[in-house]
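Written out below as C-alpha cells is the structure these notes cover.
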Amino acid sequence: MMTVTKPSASPLNGYFAELFSAATYRRLFYLLATFPLGVLYFVVLVTGLSLGLALMVLVVGFPVFMGTFWLILRFAEVERALATLLGQTLYREKPLVQVSGFGQWSRATLSDAGTYKALLYALLKFPLGVASFVVTVVLLSLSVGFLLLPIANLFYPMPLYFGNTVFQLNAFGWIVWEVVAVALTVLSLSLLNLMADGWALLNNALLTDYGESKHAQREVQALKQTSSAVAYSGSLEETLSHIAGQGMQALGASALLLTVKEGASWKVGASRNLPELFVRALPEAHSRLNLPEQMVQGRAHIEKQFLPLWEKDVLVAPLLQGLPDGCLVTLPMMYQQQLLGQLHAFYRRGHAPTQRELEFMAALADQGGVAIETSQLIDRVQEQASQQERQRLARELHDSVAQALYGITLGAKTAKGWLERDPNKVRESLDYAIQLAEGGTAEMKALLFSLREDALDEGGLCEALSRLAHAMKVRYGLTIHTDLCEEPELPAARKHAVYRIAQEAVHNAVKHARATEMSLNFHKTASGWTLDLQDNGKGFDVQQLSGGTLGLKSMRERAEFLSGTFTVSSQQGEGTRIRLEFPI
C-alpha cells in the first residue's frame, strides 16, 4: 500500500517553487544515497546467492541462500523507510496466515511474489542508482559552478574561453550570466525531481506488492465463506444474504442486489445499501426496469448511466431516491444454462468496476446460482418425500384402521342380526368388534406416535418399539418378544432411522411372511448398537430377491444413513432374520 505526500508549497510559487522547497532537497539526498545503497545490495545479493548455491550440496548452503533472501527483504524495509524522503508512505500489511519455524517461513518466502519483487528491486538499485548518482552529481556540479563563477571572478578575475576565442565579460554580462545560472539550476532541480518521481513509481511497483495480495486474499476468503454458506444451505435467504455481505466487503460497489427468478416474476433474494422503498417495490417494478434477461453465464452487462433511463418511467422514478448515480453491473446467476437469478452491483459516479472485480462478481454469481439450484432441489426432494410419506400413511390407514373399522361394522351388523335369535352369537360378534376396535386404536396410536417428529425425543426409541410390539399383537395377534436396553443417547434423526427399520421389518413379517411370533432385540455393543429381529414366518430365497423389494431398499438406505451394516438371512420355511449394526 502507498500514500504520497506532495511537496509543501513554497513562498515563491511558480517557476522558482522547487528551488525553495524543502522536499526538493530531501529528494536530492535520496538520489545521492541510491549509489552506496545500490552497491551494498548488489554485493550482498551476488555474494550471498553465489555462496548459497555453491554450498547447496552441503547442509549450510540452503540457510545461507535463505539468509540472503532475508537480507533482501530487510533491505526492502529500509527502502520503504527511505521512501518518506520522496513524500511516499509505503508499507506491507502482515500476512493473514502467520508461519512458525524455519521450514514454514522458507516455503512462505519462496512462494511469495513480494520476495521476487524485492529481489528485482535490489538488482535494479545498482545500475539505476549509479546512473542517478552520476546525473545528480553532474547537474549539481554544473549548477553550483555556474552560480559561483561570477562570485569567484570578483576575487580572481579570469577570462572565459569558447574554443580559441577569449571572452571578457563586464558587470552587466556577469549579471546576465548569474540569471541564466539560476534558471539552469531550477531546470536541473526539475529534472532531478522528475528522476525522483521515477524512483517513486519504481518503489510503488516493487515495494507495495502486498496490497494486491491482500485484496486477492479477501476475495478468496469471501469465496470460501460463500461456498461454506452454499454447502450449508440453512435457507436460501440466509445464503444469498451471506453472499451479498461478502461481496460488499471485497468489491468497490456502493450497493448490491440479488434477485431470484420465480417463473415469469422476480423476487428480492438479498440486498445491501439500497433504499428500503426500492427493495420493497422491486418485484412489481422489475418488468419496468428493462433489465437484461438473455445473458451468457459469466458475462457482465454494464449500464453506464442507468438512472436517467429509469427516471423516464413516471411510476419508477419515485422509487429511485437514494440509489447510486453511476453505473449498474448485472451478471446472471445460472445453473446448467438456466437463468435462476441475477446479481446487480451499483457504483457511484466516477467509480467503475475493474476487470478483477468483474471476474470476482462472476464467481459470486456462480455461487448464487448454485445456492438457488440447491434450495430448489431441496424443496423438490422435500415435496417428494412428503408425497411418499402421504402415500405410506394412506397405505397404513387402509391396511390397519380402515380394515379395522370395516371389521367393527361387520361385527356390529352381525350382532344386530343375532340379537333376537342367539345371544351367544351376539356376544361373539361383539367380542370380535371390540377386539378389532382395541387393535385399531392401538395401531392408530402407534401410527400417530411415529408421525410426530418429537415423539422419539419425548417418549424415547425403546418406548416407541414397545408400543409397536403391543400394536402388532392387538391388531394382528403377532407375539413379539422384546429385549431392549436403556434409552440410547442418539440424535433424533438416527432414532427415527432405527425405528423405521424395525417398523418395516415387523410389518413385512405380518403381511408377507405370515409370521405369528418374532423377537425384537436392541442392545449396545462395544462398537455401537445392534438391532436384531427374527420371525417364524415362511421365509424367502434371498438370492432370488438380490435387488430387494421396496421395503428392503428403504431399510438399506436408512442403514447407510446410520453408517451401519444391514444383513438379511432367510430360507424357505425357516423364517427371516434382519440384523442392523451401526456405530455410536
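The way I read the labels, and the way they are meant: chains A, B, ... in the order of the C-alpha cells, residue 1 as the first residue of every chain, and ligand 1 as the first ligand shown, with later ones counted on from there.
Residues surrounding Leu430 (chain A) within 12 Å are Gly407, Ile408, Thr409, Leu410, Gly411, Ala412, Lys413, Thr414, Ala415, Lys416, Gly417, Trp418, Leu419, Pro423, Asn424, Lys425, Val426, Arg427, Ala433, Ile434, Gln435, Leu436 and Ala437 of chain A [only C-alpha atoms; sequence separation below 3 positions excluded].
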List the spatial neighbours of Leu484 (chain A) as a PDB file with C-alpha atoms, in the first residue's frame - criterion: any atom at most 10 Å away, only C-alpha atoms, same-chain residues fewer than 6 positions off excluded.
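Below you can see result.pdb, which holds the result:
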ATOM      1  CA  LEU A 461     -36.847 -45.078  20.961  1.00  0.00           C
ATOM      2  CA  CYS A 462     -37.316 -48.033  23.302  1.00  0.00           C
ATOM      3  CA  GLU A 463     -40.789 -46.810  24.288  1.00  0.00           C
ATOM      4  CA  LEU A 465     -40.503 -50.056  19.903  1.00  0.00           C
ATOM      5  CA  SER A 466     -42.582 -51.323  22.837  1.00  0.00           C
ATOM      6  CA  LEU A 520     -37.031 -57.827  18.681  1.00  0.00           C
ATOM      7  CA  ASN A 521     -33.699 -57.103  20.393  1.00  0.00           C
ATOM      8  CA  PHE A 522     -31.919 -53.759  20.659  1.00  0.00           C
ATOM      9  CA  HIS A 523     -28.601 -53.635  22.547  1.00  0.00           C
ATOM     10  CA  LYS A 524     -25.483 -51.568  22.914  1.00  0.00           C
ATOM     11  CA  LEU A 531     -30.971 -54.153  16.225  1.00  0.00           C
TER      12      LEU A 531
END
Counting only C-alpha atoms, the option among A:Ala22, A:Leu364, A:Leu32, A:Ala122 closest to Thr68 (chain A)
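Of the candidates, the smallest distance to Thr68 (chain A) is held by A:Ala122.
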Could you give me, as a ChimeraX atom specification, each residue of region 170-340 of chain A that DSSP assigns to helix (DSSP H, G or I) when run on this structure's backbone?
/A:171-207,210-232,236-250,276-288,306-311,317-319
Leu201 (chain A): which residues within 12 Å, counting only C-alpha atoms, same-chain residues fewer than 4 positions away excluded, as a list in words?
Met2, Thr3, Val4, Ala83, Leu86, Gly87, Gln88, Leu90, Tyr121, Leu194, Met195, Ala196, Asp197, Ala205, Leu206, Leu207 and Thr208 of chain A
Just-selected residues, all heavy atoms written as a CSV table (one decimal), in the first residue's frame:
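Now in again.csv:
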chain,number,residue,atom,x,y,z
A,2,MET,N,0.3,2.4,-0.5
A,2,MET,CA,1.1,3.6,-0.6
A,2,MET,C,0.3,4.8,-0.4
A,2,MET,O,-0.9,4.8,-0.9
A,2,MET,CB,1.8,3.6,-2.0
A,2,MET,CG,2.6,4.9,-2.2
A,2,MET,SD,3.1,5.1,-3.9
A,2,MET,CE,1.5,5.7,-4.6
A,3,THR,N,0.8,5.7,0.3
A,3,THR,CA,0.3,7.1,0.3
A,3,THR,C,1.4,8.0,-0.1
A,3,THR,O,2.5,7.8,0.1
A,3,THR,CB,-0.3,7.5,1.6
A,3,THR,OG1,0.8,7.4,2.6
A,3,THR,CG2,-1.4,6.6,2.1
A,4,VAL,N,1.0,9.1,-0.8
A,4,VAL,CA,2.0,10.1,-1.3
A,4,VAL,C,1.7,11.5,-0.7
A,4,VAL,O,0.6,11.9,-0.7
A,4,VAL,CB,2.0,10.1,-2.9
A,4,VAL,CG1,3.0,11.2,-3.4
A,4,VAL,CG2,2.3,8.8,-3.4
A,83,ALA,N,11.7,5.9,1.5
A,83,ALA,CA,10.7,6.5,0.6
A,83,ALA,C,10.0,7.7,1.2
A,83,ALA,O,9.4,8.5,0.4
A,83,ALA,CB,9.7,5.4,0.2
A,86,LEU,N,10.9,10.9,-0.4
A,86,LEU,CA,10.2,11.2,-1.7
A,86,LEU,C,8.8,11.6,-1.5
A,86,LEU,O,8.0,11.8,-2.5
A,86,LEU,CB,10.3,10.0,-2.6
A,86,LEU,CG,11.6,9.4,-3.0
A,86,LEU,CD1,11.5,8.2,-3.9
A,86,LEU,CD2,12.4,10.5,-3.7
A,87,GLY,N,8.3,11.7,-0.2
A,87,GLY,CA,7.0,12.0,0.1
A,87,GLY,C,6.0,10.8,0.0
A,87,GLY,O,4.8,11.0,0.0
A,88,GLN,N,6.6,9.6,0.0
A,88,GLN,CA,5.8,8.4,0.0
A,88,GLN,C,5.7,7.8,1.4
A,88,GLN,O,6.6,7.9,2.2
A,88,GLN,CB,6.4,7.3,-1.0
A,88,GLN,CG,6.4,7.7,-2.4
A,88,GLN,CD,7.0,6.6,-3.2
A,88,GLN,OE1,8.2,6.4,-3.1
A,88,GLN,NE2,6.2,5.9,-4.1
A,90,LEU,N,5.1,4.0,2.3
A,90,LEU,CA,5.0,2.6,1.8
A,90,LEU,C,4.9,1.6,3.0
A,90,LEU,O,5.7,1.8,4.0
A,90,LEU,CB,6.1,2.2,0.9
A,90,LEU,CG,6.4,3.2,-0.2
A,90,LEU,CD1,7.7,2.7,-1.0
A,90,LEU,CD2,5.3,3.3,-1.2
A,121,TYR,N,14.1,-5.4,-7.2
A,121,TYR,CA,14.4,-4.1,-6.8
A,121,TYR,C,15.8,-3.9,-6.4
A,121,TYR,O,16.5,-3.0,-6.8
A,121,TYR,CB,13.5,-3.7,-5.7
A,121,TYR,CG,13.6,-2.2,-5.2
A,121,TYR,CD1,12.8,-1.2,-5.8
A,121,TYR,CD2,14.5,-1.9,-4.3
A,121,TYR,CE1,13.0,0.1,-5.4
A,121,TYR,CE2,14.7,-0.5,-3.9
A,121,TYR,CZ,13.9,0.4,-4.5
A,121,TYR,OH,14.1,1.8,-4.1
A,194,LEU,N,12.0,15.0,-11.4
A,194,LEU,CA,11.4,14.0,-12.3
A,194,LEU,C,12.0,12.6,-12.1
A,194,LEU,O,11.4,11.6,-12.2
A,194,LEU,CB,11.5,14.5,-13.8
A,194,LEU,CG,10.6,15.6,-14.2
A,194,LEU,CD1,10.9,16.0,-15.7
A,194,LEU,CD2,9.2,15.2,-14.1
A,195,MET,N,13.4,12.6,-12.0
A,195,MET,CA,14.1,11.4,-11.7
A,195,MET,C,13.6,10.8,-10.4
A,195,MET,O,13.4,9.6,-10.3
A,195,MET,CB,15.6,11.6,-11.7
A,195,MET,CG,16.4,10.4,-11.6
A,195,MET,SD,18.2,10.7,-11.4
A,195,MET,CE,18.4,11.6,-13.0
A,196,ALA,N,13.4,11.6,-9.4
A,196,ALA,CA,12.9,11.1,-8.1
A,196,ALA,C,11.5,10.6,-8.2
A,196,ALA,O,11.1,9.6,-7.6
A,196,ALA,CB,12.9,12.3,-7.1
A,197,ASP,N,10.6,11.2,-9.1
A,197,ASP,CA,9.3,10.6,-9.4
A,197,ASP,C,9.4,9.3,-10.0
A,197,ASP,O,8.6,8.4,-9.7
A,197,ASP,CB,8.5,11.6,-10.3
A,197,ASP,CG,8.1,12.9,-9.6
A,197,ASP,OD1,8.0,12.9,-8.3
A,197,ASP,OD2,7.9,13.9,-10.3
A,205,ALA,N,5.8,0.1,-7.5
A,205,ALA,CA,5.6,-1.1,-8.3
A,205,ALA,C,6.2,-2.3,-7.6
A,205,ALA,O,5.6,-3.4,-7.7
A,205,ALA,CB,6.2,-0.9,-9.7
A,206,LEU,N,7.3,-2.1,-7.0
A,206,LEU,CA,8.1,-3.3,-6.5
A,206,LEU,C,8.1,-3.4,-4.9
A,206,LEU,O,8.4,-4.5,-4.4
A,206,LEU,CB,9.5,-3.3,-6.9
A,206,LEU,CG,9.7,-3.3,-8.5
A,206,LEU,CD1,11.2,-3.3,-8.8
A,206,LEU,CD2,9.0,-4.6,-9.1
A,207,LEU,N,7.7,-2.4,-4.2
A,207,LEU,CA,7.7,-2.5,-2.8
A,207,LEU,C,6.3,-2.5,-2.1
A,207,LEU,O,6.2,-2.5,-0.9
A,207,LEU,CB,8.5,-1.3,-2.2
A,207,LEU,CG,10.0,-1.2,-2.6
A,207,LEU,CD1,10.7,0.0,-2.0
A,207,LEU,CD2,10.7,-2.5,-2.2
A,208,THR,N,5.3,-2.5,-2.9
A,208,THR,CA,3.9,-2.4,-2.4
A,208,THR,C,3.1,-3.6,-2.9
A,208,THR,O,1.9,-3.5,-3.1
A,208,THR,CB,3.2,-1.1,-2.7
A,208,THR,OG1,3.1,-1.0,-4.1
A,208,THR,CG2,3.9,0.1,-2.1
Determine the nearest neighbour of Lys553 (chain A) from the options A:Ile501, A:Ile243, A:Val510, A:Val138, counting only C-alpha atoms.
A:Ile501
Rounded to one decimal place, report the CA of Ser570 (chain A)-CA of Gln503 (chain A) distance in Å.
18.3 Å
Using 7 Å as the limit and counting only C-alpha atoms, can you tabulate each residue of region 251-286 of chain A that touches region 322-337 of chain A, with its shortest atom-to-atom distance in Å and the two atoms involved, as a Markdown table?
| residue | atom | partner | partner_atom | distance |
| --- | --- | --- | --- | --- |
| A:Ser254 | CA | A:Pro324 | CA | 6.9 |
| A:Leu274 | CA | A:Leu323 | CA | 6.6 |
| A:Pro275 | CA | A:Gly322 | CA | 6.1 |
Contacts of region 174-191 of chain A at 10 Å (only C-alpha atoms; same-chain gap of 5+ positions) as a PDB file with N, CA, C and O atoms, in the first residue's frame:
ATOM      1  N   TYR A  15       7.748  29.178 -11.194  1.00  0.00           N
ATOM      2  CA  TYR A  15       8.973  28.591 -11.735  1.00  0.00           C
ATOM      3  C   TYR A  15      10.007  28.310 -10.654  1.00  0.00           C
ATOM      4  O   TYR A  15      10.746  27.328 -10.721  1.00  0.00           O
ATOM      5  N   PHE A  16      10.108  29.152  -9.621  1.00  0.00           N
ATOM      6  CA  PHE A  16      11.140  29.007  -8.605  1.00  0.00           C
ATOM      7  C   PHE A  16      10.678  28.227  -7.376  1.00  0.00           C
ATOM      8  O   PHE A  16      11.386  28.198  -6.373  1.00  0.00           O
ATOM      9  N   ALA A  17       9.494  27.598  -7.452  1.00  0.00           N
ATOM     10  CA  ALA A  17       8.951  26.918  -6.272  1.00  0.00           C
ATOM     11  C   ALA A  17       9.854  25.784  -5.822  1.00  0.00           C
ATOM     12  O   ALA A  17      10.116  25.601  -4.630  1.00  0.00           O
ATOM     13  N   GLU A  18      10.338  25.001  -6.797  1.00  0.00           N
ATOM     14  CA  GLU A  18      11.171  23.844  -6.432  1.00  0.00           C
ATOM     15  C   GLU A  18      12.503  24.273  -5.823  1.00  0.00           C
ATOM     16  O   GLU A  18      13.077  23.548  -5.007  1.00  0.00           O
ATOM     17  N   LEU A  19      12.987  25.446  -6.185  1.00  0.00           N
ATOM     18  CA  LEU A  19      14.278  25.913  -5.665  1.00  0.00           C
ATOM     19  C   LEU A  19      14.211  26.176  -4.165  1.00  0.00           C
ATOM     20  O   LEU A  19      15.201  25.984  -3.444  1.00  0.00           O
ATOM     21  N   PHE A  20      13.042  26.594  -3.669  1.00  0.00           N
ATOM     22  CA  PHE A  20      12.906  26.936  -2.256  1.00  0.00           C
ATOM     23  C   PHE A  20      12.082  25.909  -1.471  1.00  0.00           C
ATOM     24  O   PHE A  20      11.673  26.183  -0.354  1.00  0.00           O
ATOM     25  N   THR A  24      12.403  19.248  -2.163  1.00  0.00           N
ATOM     26  CA  THR A  24      13.353  19.072  -3.263  1.00  0.00           C
ATOM     27  C   THR A  24      14.692  18.574  -2.741  1.00  0.00           C
ATOM     28  O   THR A  24      15.314  17.670  -3.330  1.00  0.00           O
ATOM     29  N   TYR A  25      15.165  19.117  -1.646  1.00  0.00           N
ATOM     30  CA  TYR A  25      16.482  18.747  -1.133  1.00  0.00           C
ATOM     31  C   TYR A  25      16.442  17.390  -0.418  1.00  0.00           C
ATOM     32  O   TYR A  25      17.456  16.692  -0.367  1.00  0.00           O
ATOM     33  N   ARG A  27      14.657  15.000  -1.646  1.00  0.00           N
ATOM     34  CA  ARG A  27      14.738  14.122  -2.806  1.00  0.00           C
ATOM     35  C   ARG A  27      16.161  14.032  -3.343  1.00  0.00           C
ATOM     36  O   ARG A  27      16.605  12.969  -3.800  1.00  0.00           O
ATOM     37  N   LEU A  28      16.902  15.182  -3.305  1.00  0.00           N
ATOM     38  CA  LEU A  28      18.302  15.148  -3.733  1.00  0.00           C
ATOM     39  C   LEU A  28      19.116  14.217  -2.849  1.00  0.00           C
ATOM     40  O   LEU A  28      19.979  13.466  -3.343  1.00  0.00           O
ATOM     41  N   VAL A 135      24.110  11.420 -12.663  1.00  0.00           N
ATOM     42  CA  VAL A 135      23.324  12.535 -13.200  1.00  0.00           C
ATOM     43  C   VAL A 135      23.154  13.620 -12.146  1.00  0.00           C
ATOM     44  O   VAL A 135      23.290  14.824 -12.434  1.00  0.00           O
ATOM     45  N   THR A 136      22.892  13.211 -10.912  1.00  0.00           N
ATOM     46  CA  THR A 136      22.691  14.189  -9.840  1.00  0.00           C
ATOM     47  C   THR A 136      23.958  14.979  -9.582  1.00  0.00           C
ATOM     48  O   THR A 136      23.934  16.225  -9.464  1.00  0.00           O
ATOM     49  N   VAL A 138      26.558  15.450 -11.603  1.00  0.00           N
ATOM     50  CA  VAL A 138      26.907  16.291 -12.749  1.00  0.00           C
ATOM     51  C   VAL A 138      26.028  17.538 -12.789  1.00  0.00           C
ATOM     52  O   VAL A 138      26.531  18.667 -12.943  1.00  0.00           O
ATOM     53  N   LEU A 139      24.724  17.364 -12.662  1.00  0.00           N
ATOM     54  CA  LEU A 139      23.834  18.519 -12.720  1.00  0.00           C
ATOM     55  C   LEU A 139      24.069  19.478 -11.567  1.00  0.00           C
ATOM     56  O   LEU A 139      24.077  20.712 -11.745  1.00  0.00           O
ATOM     57  N   LEU A 140      24.271  18.928 -10.338  1.00  0.00           N
ATOM     58  CA  LEU A 140      24.523  19.814  -9.195  1.00  0.00           C
ATOM     59  C   LEU A 140      25.863  20.527  -9.342  1.00  0.00           C
ATOM     60  O   LEU A 140      25.996  21.722  -9.007  1.00  0.00           O
ATOM     61  N   SER A 141      26.869  19.817  -9.846  1.00  0.00           N
ATOM     62  CA  SER A 141      28.198  20.434 -10.014  1.00  0.00           C
ATOM     63  C   SER A 141      28.135  21.565 -11.036  1.00  0.00           C
ATOM     64  O   SER A 141      28.694  22.661 -10.812  1.00  0.00           O
ATOM     65  N   LEU A 142      27.462  21.302 -12.164  1.00  0.00           N
ATOM     66  CA  LEU A 142      27.354  22.351 -13.171  1.00  0.00           C
ATOM     67  C   LEU A 142      26.555  23.538 -12.641  1.00  0.00           C
ATOM     68  O   LEU A 142      26.929  24.709 -12.857  1.00  0.00           O
ATOM     69  N   SER A 143      25.453  23.233 -11.922  1.00  0.00           N
ATOM     70  CA  SER A 143      24.624  24.324 -11.397  1.00  0.00           C
ATOM     71  C   SER A 143      25.393  25.159 -10.386  1.00  0.00           C
ATOM     72  O   SER A 143      25.399  26.413 -10.448  1.00  0.00           O
ATOM     73  N   VAL A 144      26.055  24.493  -9.441  1.00  0.00           N
ATOM     74  CA  VAL A 144      26.811  25.218  -8.422  1.00  0.00           C
ATOM     75  C   VAL A 144      27.984  25.974  -9.052  1.00  0.00           C
ATOM     76  O   VAL A 144      28.287  27.131  -8.701  1.00  0.00           O
ATOM     77  N   GLY A 145      28.660  25.337 -10.037  1.00  0.00           N
ATOM     78  CA  GLY A 145      29.775  26.003 -10.708  1.00  0.00           C
ATOM     79  C   GLY A 145      29.345  27.255 -11.441  1.00  0.00           C
ATOM     80  O   GLY A 145      29.988  28.317 -11.344  1.00  0.00           O
ATOM     81  N   PHE A 146      28.251  27.161 -12.182  1.00  0.00           N
ATOM     82  CA  PHE A 146      27.753  28.330 -12.900  1.00  0.00           C
ATOM     83  C   PHE A 146      27.303  29.420 -11.930  1.00  0.00           C
ATOM     84  O   PHE A 146      27.479  30.612 -12.186  1.00  0.00           O
ATOM     85  N   LEU A 147      26.713  29.030 -10.771  1.00  0.00           N
ATOM     86  CA  LEU A 147      26.251  30.026  -9.808  1.00  0.00           C
ATOM     87  C   LEU A 147      27.422  30.726  -9.126  1.00  0.00           C
ATOM     88  O   LEU A 147      27.368  31.933  -8.848  1.00  0.00           O
ATOM     89  N   LEU A 148      28.511  30.007  -8.831  1.00  0.00           N
ATOM     90  CA  LEU A 148      29.633  30.573  -8.072  1.00  0.00           C
ATOM     91  C   LEU A 148      30.679  31.249  -8.943  1.00  0.00           C
ATOM     92  O   LEU A 148      31.560  31.963  -8.426  1.00  0.00           O
ATOM     93  N   LEU A 149      30.612  31.017 -10.254  1.00  0.00           N
ATOM     94  CA  LEU A 149      31.637  31.598 -11.122  1.00  0.00           C
ATOM     95  C   LEU A 149      31.663  33.124 -11.072  1.00  0.00           C
ATOM     96  O   LEU A 149      32.761  33.721 -10.974  1.00  0.00           O
ATOM     97  N   PRO A 150      30.524  33.837 -11.107  1.00  0.00           N
ATOM     98  CA  PRO A 150      30.602  35.304 -11.008  1.00  0.00           C
ATOM     99  C   PRO A 150      31.199  35.769  -9.684  1.00  0.00           C
ATOM    100  O   PRO A 150      31.929  36.777  -9.644  1.00  0.00           O
ATOM    101  N   ILE A 151      30.890  35.078  -8.592  1.00  0.00           N
ATOM    102  CA  ILE A 151      31.432  35.464  -7.293  1.00  0.00           C
ATOM    103  C   ILE A 151      32.935  35.227  -7.274  1.00  0.00           C
ATOM    104  O   ILE A 151      33.715  36.065  -6.782  1.00  0.00           O
ATOM    105  N   ASN A 153      34.862  35.345  -9.783  1.00  0.00           N
ATOM    106  CA  ASN A 153      35.509  36.305 -10.692  1.00  0.00           C
ATOM    107  C   ASN A 153      35.750  37.637 -10.009  1.00  0.00           C
ATOM    108  O   ASN A 153      36.642  38.399 -10.431  1.00  0.00           O
ATOM    109  N   GLN A 168      35.755  38.427 -22.424  1.00  0.00           N
ATOM    110  CA  GLN A 168      35.932  39.177 -21.188  1.00  0.00           C
ATOM    111  C   GLN A 168      34.606  39.876 -20.894  1.00  0.00           C
ATOM    112  O   GLN A 168      34.198  40.808 -21.589  1.00  0.00           O
ATOM    113  N   LEU A 169      33.861  39.395 -19.835  1.00  0.00           N
ATOM    114  CA  LEU A 169      32.544  39.921 -19.525  1.00  0.00           C
ATOM    115  C   LEU A 169      32.655  41.137 -18.616  1.00  0.00           C
ATOM    116  O   LEU A 169      33.492  41.193 -17.706  1.00  0.00           O
ATOM    117  N   ALA A 196      13.369  11.631  -9.372  1.00  0.00           N
ATOM    118  CA  ALA A 196      12.863  11.150  -8.085  1.00  0.00           C
ATOM    119  C   ALA A 196      11.465  10.578  -8.240  1.00  0.00           C
ATOM    120  O   ALA A 196      11.112   9.577  -7.600  1.00  0.00           O
ATOM    121  N   ASP A 197      10.636  11.204  -9.107  1.00  0.00           N
ATOM    122  CA  ASP A 197       9.309  10.648  -9.371  1.00  0.00           C
ATOM    123  C   ASP A 197       9.412   9.258 -10.002  1.00  0.00           C
ATOM    124  O   ASP A 197       8.574   8.383  -9.743  1.00  0.00           O
TER     125      ASP A 197
END
Would you pick out the contacts of region 533-542 of chain A at 8 Å or less, using only C-alpha atoms, so that residues sharing its chain but fewer than 4 positions from it are not included, and give the list as a PDB file with C-alpha atoms, in the first residue's frame?
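Contents of result_8.pdb, as written:
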ATOM      1  CA  ALA A 502     -37.928 -52.054  12.896  1.00  0.00           C
ATOM      2  CA  ALA A 505     -39.415 -55.404   9.324  1.00  0.00           C
ATOM      3  CA  ALA A 509     -43.262 -60.287   8.923  1.00  0.00           C
ATOM      4  CA  ALA A 513     -44.170 -63.858   5.861  1.00  0.00           C
ATOM      5  CA  ARG A 514     -47.424 -64.667   7.732  1.00  0.00           C
ATOM      6  CA  ALA A 515     -45.438 -64.853  10.967  1.00  0.00           C
ATOM      7  CA  THR A 516     -47.141 -65.471  14.317  1.00  0.00           C
ATOM      8  CA  GLU A 517     -44.176 -64.890  16.551  1.00  0.00           C
ATOM      9  CA  MET A 518     -40.950 -62.927  16.419  1.00  0.00           C
ATOM     10  CA  SER A 519     -38.219 -61.438  18.605  1.00  0.00           C
ATOM     11  CA  LEU A 520     -37.031 -57.827  18.681  1.00  0.00           C
ATOM     12  CA  ASN A 521     -33.699 -57.103  20.393  1.00  0.00           C
ATOM     13  CA  SER A 546     -30.967 -59.849  -4.775  1.00  0.00           C
ATOM     14  CA  VAL A 568     -30.903 -60.278   5.802  1.00  0.00           C
ATOM     15  CA  SER A 569     -30.844 -64.029   6.406  1.00  0.00           C
ATOM     16  CA  SER A 570     -33.772 -66.194   5.264  1.00  0.00           C
ATOM     17  CA  GLN A 571     -34.678 -69.543   3.765  1.00  0.00           C
ATOM     18  CA  GLN A 572     -37.941 -71.003   2.576  1.00  0.00           C
ATOM     19  CA  GLY A 573     -39.943 -72.273   5.572  1.00  0.00           C
ATOM     20  CA  GLU A 574     -37.369 -71.194   8.167  1.00  0.00           C
ATOM     21  CA  GLY A 575     -38.289 -67.593   8.873  1.00  0.00           C
ATOM     22  CA  THR A 576     -36.291 -64.394   8.382  1.00  0.00           C
ATOM     23  CA  ARG A 577     -33.649 -62.637  10.425  1.00  0.00           C
ATOM     24  CA  ILE A 578     -32.775 -58.970   9.964  1.00  0.00           C
ATOM     25  CA  ARG A 579     -29.738 -57.505  11.707  1.00  0.00           C
TER      26      ARG A 579
END
Tell me, as a PyMOL selection string, which residues lie within 12 Å of Leu124 (chain A), counting only C-alpha atoms; anything in the same chain fewer than 5 positions away does not count.
chain A and resi 34-35+37-39+41-42+45+117-119+129-132+199+202-203+206
To one decimal in Å, tell me the separation between CA of Phe65 (chain A) and CA of Gly52 (chain A).
4.3 Å
Atom pair CA of Leu256 (chain A) / CA of Val314 (chain A): separation (Å):
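A separation of 23.9 Å between them.
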Top pick for closest residue to Ala250 (chain A), considering A:Glu359, A:Glu383, A:Glu489, A:Asp532 and counting only C-alpha atoms
A:Glu359
Distance criterion (only C-alpha atoms): nearest to Leu339 (chain A) out of A:Gln388, A:Gln294, A:Thr565, A:Asn508
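Smallest separation from Leu339 (chain A) among the options: A:Gln294.
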